[in-house]
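Here is the structure we will look at.
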Amino acid sequence: MKNNKKLSSEHTEALLTTLKIRFEKNMNRHKDLDWDKIQPRLKANPDKLWSLNEMEDTEGEPDVIGYDKKTEEYILVDCSVESPKRRSLCYDYQAWEARKANKPESNVIDKASEMGVELLTEEQYRQLQELGKFDVKTSSWVKTPSHIRELGGAIFCDRRYNTVFMYHNGADSYYAARGFRGLLKV
């Protein structure tokens, strides 16, 4: 991600405090991880802190959910119970551009890019659901395989009846109860 957006030192400390409190409150999401190893990594990456702040500002409640041993990076994901307050977005710019009427504000792919986060894949979404019950009233767009997107579709997931479902929709559709969850590696 290339941007010049940085948080003030006061804002950085406030965000780190919020993240630490959430980390300690939800140890089931990261049983074998230590905040004292994560915080210095966050402090050393102001662009990642800016992205986490974007996640926090849209009520995504980002939290650490794992550690990638291959890349040696911590994985943070929006862990809000319902899809974060970045909703009513179609899937991508192509779908947004194709809408003739009632265009939404933006699209998921561009919004995620602006925030400096990745869109969850279906597999990552299902892994998140193993850590809690998310999207029981809302749904979240997930990264759509190219063979589906080429045909005009996009996929989203939610949790209903204590089961995680994956569905499809036209990529140009958007709903007030459908947003997206971001993923950030640090």
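Just so we're on the same page: first chain in the structure tokens is A, next is B, and so on; residues restart at 1 for each chain, and ligands are numbered from 1 in the order they show up.
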| Nearby residues (only C-alpha atoms) at most 7 Å from A:Glu82, same-chain spacing under 3 positions excluded, as a PyMOL selection string | chain A and resi 134-138
Please save N, CA and C atoms of the selected residues as an mmCIF file, in the first residue's frame.
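selection09.cif written:
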data_model
loop_
_atom_site.group_PDB
_atom_site.id
_atom_site.type_symbol
_atom_site.label_atom_id
_atom_site.label_comp_id
_atom_site.auth_asym_id
_atom_site.auth_seq_id
_atom_site.Cartn_x
_atom_site.Cartn_y
_atom_site.Cartn_z
ATOM 1 N N PHE A 134 -20.171 -14.970 13.496
ATOM 2 C CA PHE A 134 -20.138 -13.690 12.811
ATOM 3 C C PHE A 134 -21.185 -13.660 11.700
ATOM 4 N N ASP A 135 -21.695 -12.473 11.413
ATOM 5 C CA ASP A 135 -22.664 -12.265 10.326
ATOM 6 C C ASP A 135 -23.915 -13.133 10.468
ATOM 7 N N VAL A 136 -24.531 -13.107 11.634
ATOM 8 C CA VAL A 136 -25.784 -13.848 11.806
ATOM 9 C C VAL A 136 -26.995 -13.020 11.350
ATOM 10 N N LYS A 137 -26.805 -11.726 11.154
ATOM 11 C CA LYS A 137 -27.864 -10.850 10.642
ATOM 12 C C LYS A 137 -27.441 -10.137 9.359
ATOM 13 N N THR A 138 -26.150 -10.139 9.070
ATOM 14 C CA THR A 138 -25.614 -9.455 7.901
ATOM 15 C C THR A 138 -24.885 -10.483 7.036
#
| Out of chain A, which residues get strand (DSSP E) from DSSP, as an MDAnalysis selection string? | chainID A and resid 62:68 73:78 118:119 139:142 153:160 163:170 178:180 182:185
| field | Shortest interatomic distance to A:Arg29 - which of A:Gly179, A:Ser9, A:Leu128, A:Tyr93, counting only C-alpha atoms | value | A:Leu128
| message | Measuring between only C-alpha atoms, which one of A:Asp63, A:Asp34, A:Asp158, A:Asp92 shows the shortest distance to A:Lys133? | response | A:Asp158
| message | I want to know what sits within 10 Å of A:Asp172, based on only C-alpha atoms, with residues of the same chain fewer than 5 positions away left out; could you give that as JSON, numbers by chain? | response | {"A": [89, 90, 91, 92, 93, 94, 95, 96, 97, 98, 99, 103, 104, 107, 152, 153, 154]}
Filtering to all heavy atoms, could you give me those residues as a compact mmCIF listing (two decimals), in the first residue's frame?
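What landed in part-v3.txt:
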# COMPACT_ATOMS: atom_id res chain seq x y z
N LEU A 89 -22.21 -1.57 -0.95
CA LEU A 89 -21.18 -1.46 -1.98
C LEU A 89 -21.30 -2.63 -2.94
O LEU A 89 -21.45 -3.77 -2.50
CB LEU A 89 -19.78 -1.49 -1.34
CG LEU A 89 -19.48 -0.47 -0.26
CD1 LEU A 89 -18.20 -0.82 0.48
CD2 LEU A 89 -19.40 0.93 -0.86
N CYS A 90 -21.22 -2.36 -4.24
CA CYS A 90 -21.18 -3.49 -5.17
C CYS A 90 -19.78 -4.09 -5.12
O CYS A 90 -18.90 -3.59 -4.40
CB CYS A 90 -21.63 -3.10 -6.57
SG CYS A 90 -20.75 -1.73 -7.31
N TYR A 91 -19.55 -5.16 -5.87
CA TYR A 91 -18.32 -5.93 -5.69
C TYR A 91 -17.06 -5.21 -6.19
O TYR A 91 -16.08 -5.11 -5.47
CB TYR A 91 -18.44 -7.30 -6.35
CG TYR A 91 -17.22 -8.14 -6.13
CD1 TYR A 91 -16.96 -8.70 -4.88
CD2 TYR A 91 -16.30 -8.36 -7.15
CE1 TYR A 91 -15.82 -9.44 -4.66
CE2 TYR A 91 -15.16 -9.09 -6.93
CZ TYR A 91 -14.92 -9.64 -5.69
OH TYR A 91 -13.78 -10.37 -5.47
N ASP A 92 -17.05 -4.75 -7.44
CA ASP A 92 -15.85 -4.12 -7.98
C ASP A 92 -16.18 -2.95 -8.89
O ASP A 92 -17.36 -2.67 -9.14
CB ASP A 92 -14.94 -5.15 -8.67
CG ASP A 92 -15.62 -5.86 -9.84
OD1 ASP A 92 -16.68 -5.40 -10.32
OD2 ASP A 92 -15.07 -6.89 -10.29
N TYR A 93 -15.15 -2.29 -9.38
CA TYR A 93 -15.34 -1.10 -10.21
C TYR A 93 -16.10 -1.44 -11.49
O TYR A 93 -16.98 -0.68 -11.91
CB TYR A 93 -14.00 -0.45 -10.56
CG TYR A 93 -14.17 0.80 -11.38
CD1 TYR A 93 -14.52 2.00 -10.78
CD2 TYR A 93 -14.03 0.77 -12.77
CE1 TYR A 93 -14.71 3.15 -11.52
CE2 TYR A 93 -14.22 1.92 -13.52
CZ TYR A 93 -14.57 3.10 -12.90
OH TYR A 93 -14.77 4.23 -13.65
N GLN A 94 -15.77 -2.56 -12.10
CA GLN A 94 -16.46 -2.98 -13.33
C GLN A 94 -17.97 -3.09 -13.09
O GLN A 94 -18.77 -2.62 -13.89
CB GLN A 94 -15.89 -4.30 -13.83
CG GLN A 94 -16.53 -4.84 -15.08
CD GLN A 94 -15.98 -6.21 -15.46
OE1 GLN A 94 -15.09 -6.75 -14.81
NE2 GLN A 94 -16.54 -6.77 -16.51
N ALA A 95 -18.35 -3.69 -11.98
CA ALA A 95 -19.78 -3.83 -11.65
C ALA A 95 -20.39 -2.46 -11.34
O ALA A 95 -21.51 -2.16 -11.76
CB ALA A 95 -19.95 -4.76 -10.46
N TRP A 96 -19.65 -1.64 -10.61
CA TRP A 96 -20.13 -0.29 -10.28
C TRP A 96 -20.34 0.52 -11.56
O TRP A 96 -21.36 1.18 -11.73
CB TRP A 96 -19.12 0.40 -9.36
CG TRP A 96 -19.50 1.78 -8.95
CD1 TRP A 96 -20.28 2.12 -7.89
CD2 TRP A 96 -19.11 2.99 -9.59
NE1 TRP A 96 -20.41 3.49 -7.83
CE2 TRP A 96 -19.70 4.05 -8.86
CE3 TRP A 96 -18.33 3.30 -10.69
CZ2 TRP A 96 -19.53 5.38 -9.20
CZ3 TRP A 96 -18.16 4.63 -11.04
CH2 TRP A 96 -18.76 5.66 -10.29
N GLU A 97 -19.38 0.47 -12.45
CA GLU A 97 -19.44 1.22 -13.70
C GLU A 97 -20.61 0.75 -14.58
O GLU A 97 -21.23 1.54 -15.29
CB GLU A 97 -18.11 1.08 -14.46
CG GLU A 97 -18.00 1.89 -15.71
CD GLU A 97 -17.95 3.39 -15.48
OE1 GLU A 97 -17.61 3.85 -14.38
OE2 GLU A 97 -18.25 4.11 -16.44
N ALA A 98 -20.92 -0.53 -14.53
CA ALA A 98 -21.98 -1.11 -15.37
C ALA A 98 -23.38 -0.72 -14.90
O ALA A 98 -24.33 -0.80 -15.68
CB ALA A 98 -21.84 -2.63 -15.41
N ARG A 99 -23.51 -0.31 -13.65
CA ARG A 99 -24.83 0.08 -13.14
C ARG A 99 -25.31 1.32 -13.88
O ARG A 99 -24.62 2.32 -13.98
CB ARG A 99 -24.79 0.36 -11.65
CG ARG A 99 -24.69 -0.91 -10.82
CD ARG A 99 -25.05 -0.63 -9.38
NE ARG A 99 -26.44 -0.30 -9.22
CZ ARG A 99 -27.41 -1.17 -8.98
NH1 ARG A 99 -27.14 -2.44 -8.88
NH2 ARG A 99 -28.65 -0.77 -8.84
N LYS A 103 -26.37 3.98 -8.52
CA LYS A 103 -25.01 3.51 -8.22
C LYS A 103 -24.73 3.73 -6.74
O LYS A 103 -25.02 4.79 -6.20
CB LYS A 103 -23.98 4.29 -9.04
CG LYS A 103 -23.93 3.89 -10.48
CD LYS A 103 -22.76 4.57 -11.19
CE LYS A 103 -22.76 4.15 -12.64
NZ LYS A 103 -21.50 4.44 -13.29
N PRO A 104 -24.11 2.74 -6.11
CA PRO A 104 -23.70 2.94 -4.71
C PRO A 104 -22.51 3.89 -4.64
O PRO A 104 -21.93 4.26 -5.67
CB PRO A 104 -23.32 1.54 -4.26
CG PRO A 104 -22.91 0.84 -5.51
CD PRO A 104 -23.75 1.42 -6.60
N ASN A 107 -17.25 0.61 -4.36
CA ASN A 107 -17.27 -0.85 -4.48
C ASN A 107 -16.28 -1.45 -3.49
O ASN A 107 -15.37 -0.77 -3.02
CB ASN A 107 -16.98 -1.27 -5.92
CG ASN A 107 -15.57 -0.92 -6.34
OD1 ASN A 107 -14.62 -1.64 -6.02
ND2 ASN A 107 -15.39 0.20 -7.04
N GLY A 152 -20.03 -12.36 -14.48
CA GLY A 152 -20.87 -11.31 -13.90
C GLY A 152 -21.26 -11.52 -12.45
O GLY A 152 -21.96 -10.70 -11.87
N GLY A 153 -20.81 -12.61 -11.84
CA GLY A 153 -21.19 -12.90 -10.47
C GLY A 153 -20.13 -12.54 -9.45
O GLY A 153 -19.00 -12.18 -9.79
N ALA A 154 -20.52 -12.61 -8.21
CA ALA A 154 -19.62 -12.42 -7.08
C ALA A 154 -20.19 -13.24 -5.92
O ALA A 154 -21.39 -13.57 -5.93
CB ALA A 154 -19.50 -10.95 -6.70
| query | Rounded to one decimal in Å, what is the spacing between atom CA of A:Glu59 and atom CA of A:Arg149? | reply |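 Taking atom CA of A:Glu59 as the start and atom CA of A:Arg149 as the end point, the length is 28.0 Å.
Closest approach to A:Ile109 among A:Ala171, A:Leu52, A:Leu76, A:Val81: A:Ala171, based on only C-alpha atoms.
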| request: as a ChimeraX atom specification, please: all residues of stretch 3-166 of chain A that backbone DSSP puts in helix (DSSP H, G or I). | output: /A:9-25,27-29,35-43,46-57,93-98,108-115,122-129,146-149
| Residues near A:Glu130, cut-off 12 Å, only C-alpha atoms, skip fewer than 5 positions along chain, as a PyMOL selection string | chain A and resi 28-30+65+79+123-125+159+162-164
| said: Would you pick out the contacts of A:Tyr67 at 10 Å or less, using only C-alpha atoms, so that residues sharing its chain but fewer than 5 positions from it are not included, and give the list as JSON, numbers by chain? | reply: {"A": [30, 32, 33, 72, 73, 74, 75, 76, 185, 186]}
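For the pair atom CA of A:Phe165 and atom CA of A:Lys85, the interatomic distance is 20.8 Å.
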